[in-house]
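Shown below: work.cif, with mmCIF, C-alpha atoms.
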data_entry
#
loop_
_atom_site.label_atom_id
_atom_site.label_comp_id
_atom_site.auth_asym_id
_atom_site.auth_seq_id
_atom_site.Cartn_x
_atom_site.Cartn_y
_atom_site.Cartn_z
CA MET B 1 -27.45 -20.04 5.27
CA THR B 2 -24.23 -22.05 5.21
CA VAL B 3 -21.06 -20.75 3.61
CA LYS B 4 -17.93 -22.69 2.62
CA LEU B 5 -14.63 -20.97 3.30
CA ASP B 6 -11.40 -22.10 1.66
CA LEU B 7 -8.64 -21.85 4.24
CA SER B 8 -4.94 -21.64 3.53
CA LEU B 9 -4.48 -25.24 4.76
CA HIS B 10 -6.74 -26.42 1.92
CA CYS B 11 -9.55 -27.61 4.14
CA LYS B 12 -13.17 -26.61 3.95
CA LEU B 13 -14.86 -24.94 6.89
CA LEU B 14 -18.62 -24.75 7.06
CA LEU B 15 -20.02 -21.81 8.98
CA ASP B 16 -23.62 -21.36 9.94
CA LEU B 17 -24.08 -17.65 9.25
CA GLU B 18 -27.49 -17.66 10.93
CA ASP B 19 -25.68 -17.55 14.27
CA ALA B 20 -25.18 -13.89 15.30
CA THR B 21 -21.88 -14.65 17.02
CA THR B 22 -20.52 -16.26 13.87
CA GLN B 23 -21.72 -13.36 11.73
CA HIS B 24 -19.99 -10.89 14.05
CA TYR B 25 -16.79 -12.95 13.99
CA VAL B 26 -16.76 -13.24 10.20
CA ARG B 27 -17.34 -9.48 9.79
CA ALA B 28 -14.53 -8.73 12.27
CA MET B 29 -12.13 -11.05 10.42
CA GLU B 30 -13.04 -9.43 7.09
CA HIS B 31 -12.41 -6.02 8.66
CA LEU B 32 -9.09 -7.22 10.06
CA LEU B 33 -8.01 -8.43 6.62
CA VAL B 34 -8.75 -4.99 5.15
CA VAL B 35 -6.74 -3.39 7.98
CA VAL B 36 -3.75 -5.65 7.28
CA GLN B 37 -3.95 -4.80 3.58
CA ASP B 38 -4.12 -1.07 4.40
CA LEU B 39 -1.11 -1.40 6.71
CA SER B 40 0.87 -3.16 3.99
CA LEU B 41 0.35 -0.10 1.78
CA ALA B 42 1.07 2.52 4.47
CA ARG B 43 4.24 4.48 3.81
CA SER B 44 4.45 6.77 6.83
CA LEU B 45 4.09 6.62 10.60
CA GLU B 46 1.10 8.98 10.32
CA GLN B 47 -0.68 6.57 7.96
CA ILE B 48 0.07 3.62 10.23
CA MET B 49 -1.19 5.50 13.31
CA GLU B 50 -4.45 6.45 11.60
CA ILE B 51 -5.12 2.91 10.38
CA VAL B 52 -4.30 1.33 13.75
CA ARG B 53 -6.17 3.76 16.00
CA VAL B 54 -9.36 3.65 13.93
CA ALA B 55 -9.23 -0.14 13.51
CA ALA B 56 -8.50 -0.72 17.20
CA ARG B 57 -11.50 1.30 18.25
CA GLU B 58 -13.84 -0.22 15.66
CA LEU B 59 -12.77 -3.84 16.14
CA THR B 60 -12.98 -3.68 19.93
CA GLU B 61 -16.09 -1.45 19.93
CA ALA B 62 -14.29 0.71 22.49
CA ASP B 63 -14.98 4.32 23.46
CA GLY B 64 -11.41 5.14 22.54
CA ALA B 65 -8.03 3.88 21.44
CA SER B 66 -4.57 5.43 21.75
CA PHE B 67 -1.45 4.88 19.68
CA VAL B 68 1.41 5.00 22.16
CA LEU B 69 5.12 4.94 21.32
CA ARG B 70 7.98 4.03 23.65
CA ASP B 71 10.41 6.95 23.77
CA ASN B 72 13.50 6.76 26.02
CA GLY B 73 11.69 5.63 29.17
CA TYR B 74 8.55 7.61 28.37
CA CYS B 75 5.25 6.81 26.73
CA TYR B 76 4.46 9.24 23.95
CA TYR B 77 0.74 9.35 23.20
CA ALA B 78 1.18 10.00 19.50
CA ASP B 79 -2.45 9.65 18.38
CA GLU B 80 -5.89 8.75 19.63
CA ASP B 81 -9.45 8.13 18.53
CA ALA B 82 -11.77 8.67 21.48
CA ILE B 83 -15.09 10.17 22.53
CA ALA B 84 -13.17 12.91 24.36
CA PRO B 85 -9.55 14.13 24.22
CA LEU B 86 -7.21 12.14 26.42
CA TRP B 87 -3.43 12.53 26.14
CA LYS B 88 -2.53 13.07 22.49
CA GLY B 89 0.88 14.74 22.23
CA GLN B 90 1.80 14.17 25.89
CA ARG B 91 4.63 12.12 27.41
CA PHE B 92 4.53 10.25 30.71
CA PRO B 93 7.20 8.17 32.47
CA MET B 94 6.61 4.50 31.60
CA ASN B 95 6.56 3.45 35.25
CA ILE B 96 3.57 5.64 36.16
CA CYS B 97 1.24 5.49 33.17
CA ILE B 98 -1.16 2.88 31.96
CA GLY B 99 0.41 2.77 28.49
CA GLY B 100 3.79 2.07 30.07
CA TRP B 101 2.31 -0.70 32.20
CA ALA B 102 0.82 -2.29 29.05
CA MET B 103 4.17 -2.15 27.26
CA LEU B 104 6.23 -3.40 30.19
CA ASN B 105 3.78 -6.25 30.89
CA ARG B 106 2.96 -6.94 27.23
CA GLN B 107 -0.77 -6.84 27.94
CA VAL B 108 -3.80 -5.05 26.54
CA ILE B 109 -5.64 -2.62 28.80
CA LYS B 110 -9.40 -2.51 28.44
CA GLY B 111 -12.59 -2.14 30.39
CA PHE B 112 -11.89 0.56 32.98
CA PRO B 113 -13.69 3.85 33.63
CA ILE B 114 -12.31 7.14 32.28
CA PRO B 115 -11.95 8.80 35.75
CA LEU B 116 -9.29 6.23 36.59
CA ILE B 117 -7.10 7.26 33.69
CA LYS B 118 -7.15 11.05 33.72
CA PRO B 119 -3.69 12.60 34.26
CA PRO B 120 -1.85 12.69 36.53
CA LEU B 121 -1.69 8.92 36.34
CA SER B 122 -1.13 7.08 39.54
CA LYS B 123 0.60 3.78 40.26
CA ALA B 124 -2.40 2.94 42.41
CA TRP B 125 -4.76 2.10 39.55
#
Structure translated into structure tokens:
Amino acid sequence: MTVKLDLSLHCKLLLDLEDATTQHYVRAMEHLLVVVQDLSLARSLEQIMEIVRVAARELTEADGASFVLRDNGYCYYADEDAIAPLWKGQRFPMNICIGGWAMLNRQVIKGFPIPLIKPPLSKAW
């Protein structure tokens, strides 16, 4: 089955939806659009955190996702959606925790085993 998509640049894109990778991509983009719409309607930090943590976990198919805020040199683990409790409500110095490393280096952290990230967090990871 072939589907035509109208893009904002007014060009037509033909996608072969028989390809599983394409189907997965299209579903993820549709999900992302819904997330952006939900975020545009969010009126509180709590609503934003819920939308982001759930979407991050679903879109990445991860075992967990944390919503981490920068707070005066600390990482505040404000919310999480995970298979087991991690650090919700806790604060760690930015220079020793994985969330701080991600913020300072502007990079996403993914694909590491849970035993490596249990507190206390070490610079050695």
Step by step, work through what the PyMOL selection byres ((chain B and resi 88) around 10) selects in the shown file, and finish by giving those residues as a PDB file with C-alpha atoms, in the coordinates of the input.
ATOM      1  CA  SER B  66      -4.570   5.430  21.750  1.00  0.00           C
ATOM      2  CA  PHE B  67      -1.450   4.880  19.680  1.00  0.00           C
ATOM      3  CA  VAL B  68       1.410   5.000  22.160  1.00  0.00           C
ATOM      4  CA  TYR B  76       4.460   9.240  23.950  1.00  0.00           C
ATOM      5  CA  TYR B  77       0.740   9.350  23.200  1.00  0.00           C
ATOM      6  CA  ALA B  78       1.180  10.000  19.500  1.00  0.00           C
ATOM      7  CA  ASP B  79      -2.450   9.650  18.380  1.00  0.00           C
ATOM      8  CA  GLU B  80      -5.890   8.750  19.630  1.00  0.00           C
ATOM      9  CA  ASP B  81      -9.450   8.130  18.530  1.00  0.00           C
ATOM     10  CA  PRO B  85      -9.550  14.130  24.220  1.00  0.00           C
ATOM     11  CA  LEU B  86      -7.210  12.140  26.420  1.00  0.00           C
ATOM     12  CA  TRP B  87      -3.430  12.530  26.140  1.00  0.00           C
ATOM     13  CA  GLY B  89       0.880  14.740  22.230  1.00  0.00           C
ATOM     14  CA  GLN B  90       1.800  14.170  25.890  1.00  0.00           C
ATOM     15  CA  ARG B  91       4.630  12.120  27.410  1.00  0.00           C
TER      16      ARG B  91
END
Neighbouring residues of Gly64 (chain B) were defined as those with any atom within 9 Å, considering only C-alpha atoms; residues of the same chain fewer than 6 positions away were excluded. Please report them as a PDB file with C-alpha atoms, in the coordinates of the input.
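The file below, part_15.pdb, is the result:
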ATOM      1  CA  ARG B  53      -6.170   3.760  16.000  1.00  0.00           C
ATOM      2  CA  VAL B  54      -9.360   3.650  13.930  1.00  0.00           C
ATOM      3  CA  ALA B  56      -8.500  -0.720  17.200  1.00  0.00           C
ATOM      4  CA  ARG B  57     -11.500   1.300  18.250  1.00  0.00           C
ATOM      5  CA  GLU B  80      -5.890   8.750  19.630  1.00  0.00           C
ATOM      6  CA  ASP B  81      -9.450   8.130  18.530  1.00  0.00           C
ATOM      7  CA  ALA B  82     -11.770   8.670  21.480  1.00  0.00           C
ATOM      8  CA  ILE B  83     -15.090  10.170  22.530  1.00  0.00           C
ATOM      9  CA  ALA B  84     -13.170  12.910  24.360  1.00  0.00           C
TER      10      ALA B  84
END
message = Give me, as a VMD selection string, all polymer residues having an atom no more than 7 Å from region 71-74 of chain B, counting only C-alpha atoms and skipping those fewer than 6 positions away in the same chain.
response = chain B and resid 91 to 94
inquiry  = I'd like to know which of B:Val35, B:Asp19, B:Arg27, B:Asp63 is closest to Glu50 (chain B), using all atoms listed in the file.
reply    =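 Ranking B:Val35, B:Asp19, B:Arg27, B:Asp63 by distance to Glu50 (chain B), first place goes to B:Val35.
With all atoms listed in the file as the basis for measurement, B:Ile109 is the residue among B:Cys97, B:Ile109, B:Met103, B:Cys75 that approaches Thr60 (chain B) most closely.
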Top pick for closest residue to Val26 (chain B), considering B:Leu39, B:Ile51, B:Leu59, B:Leu45 and counting only C-alpha atoms = B:Leu59
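Taking CA of Ala62 (chain B) and CA of Glu46 (chain B) as the two end points, the separation is 21.3 Å.
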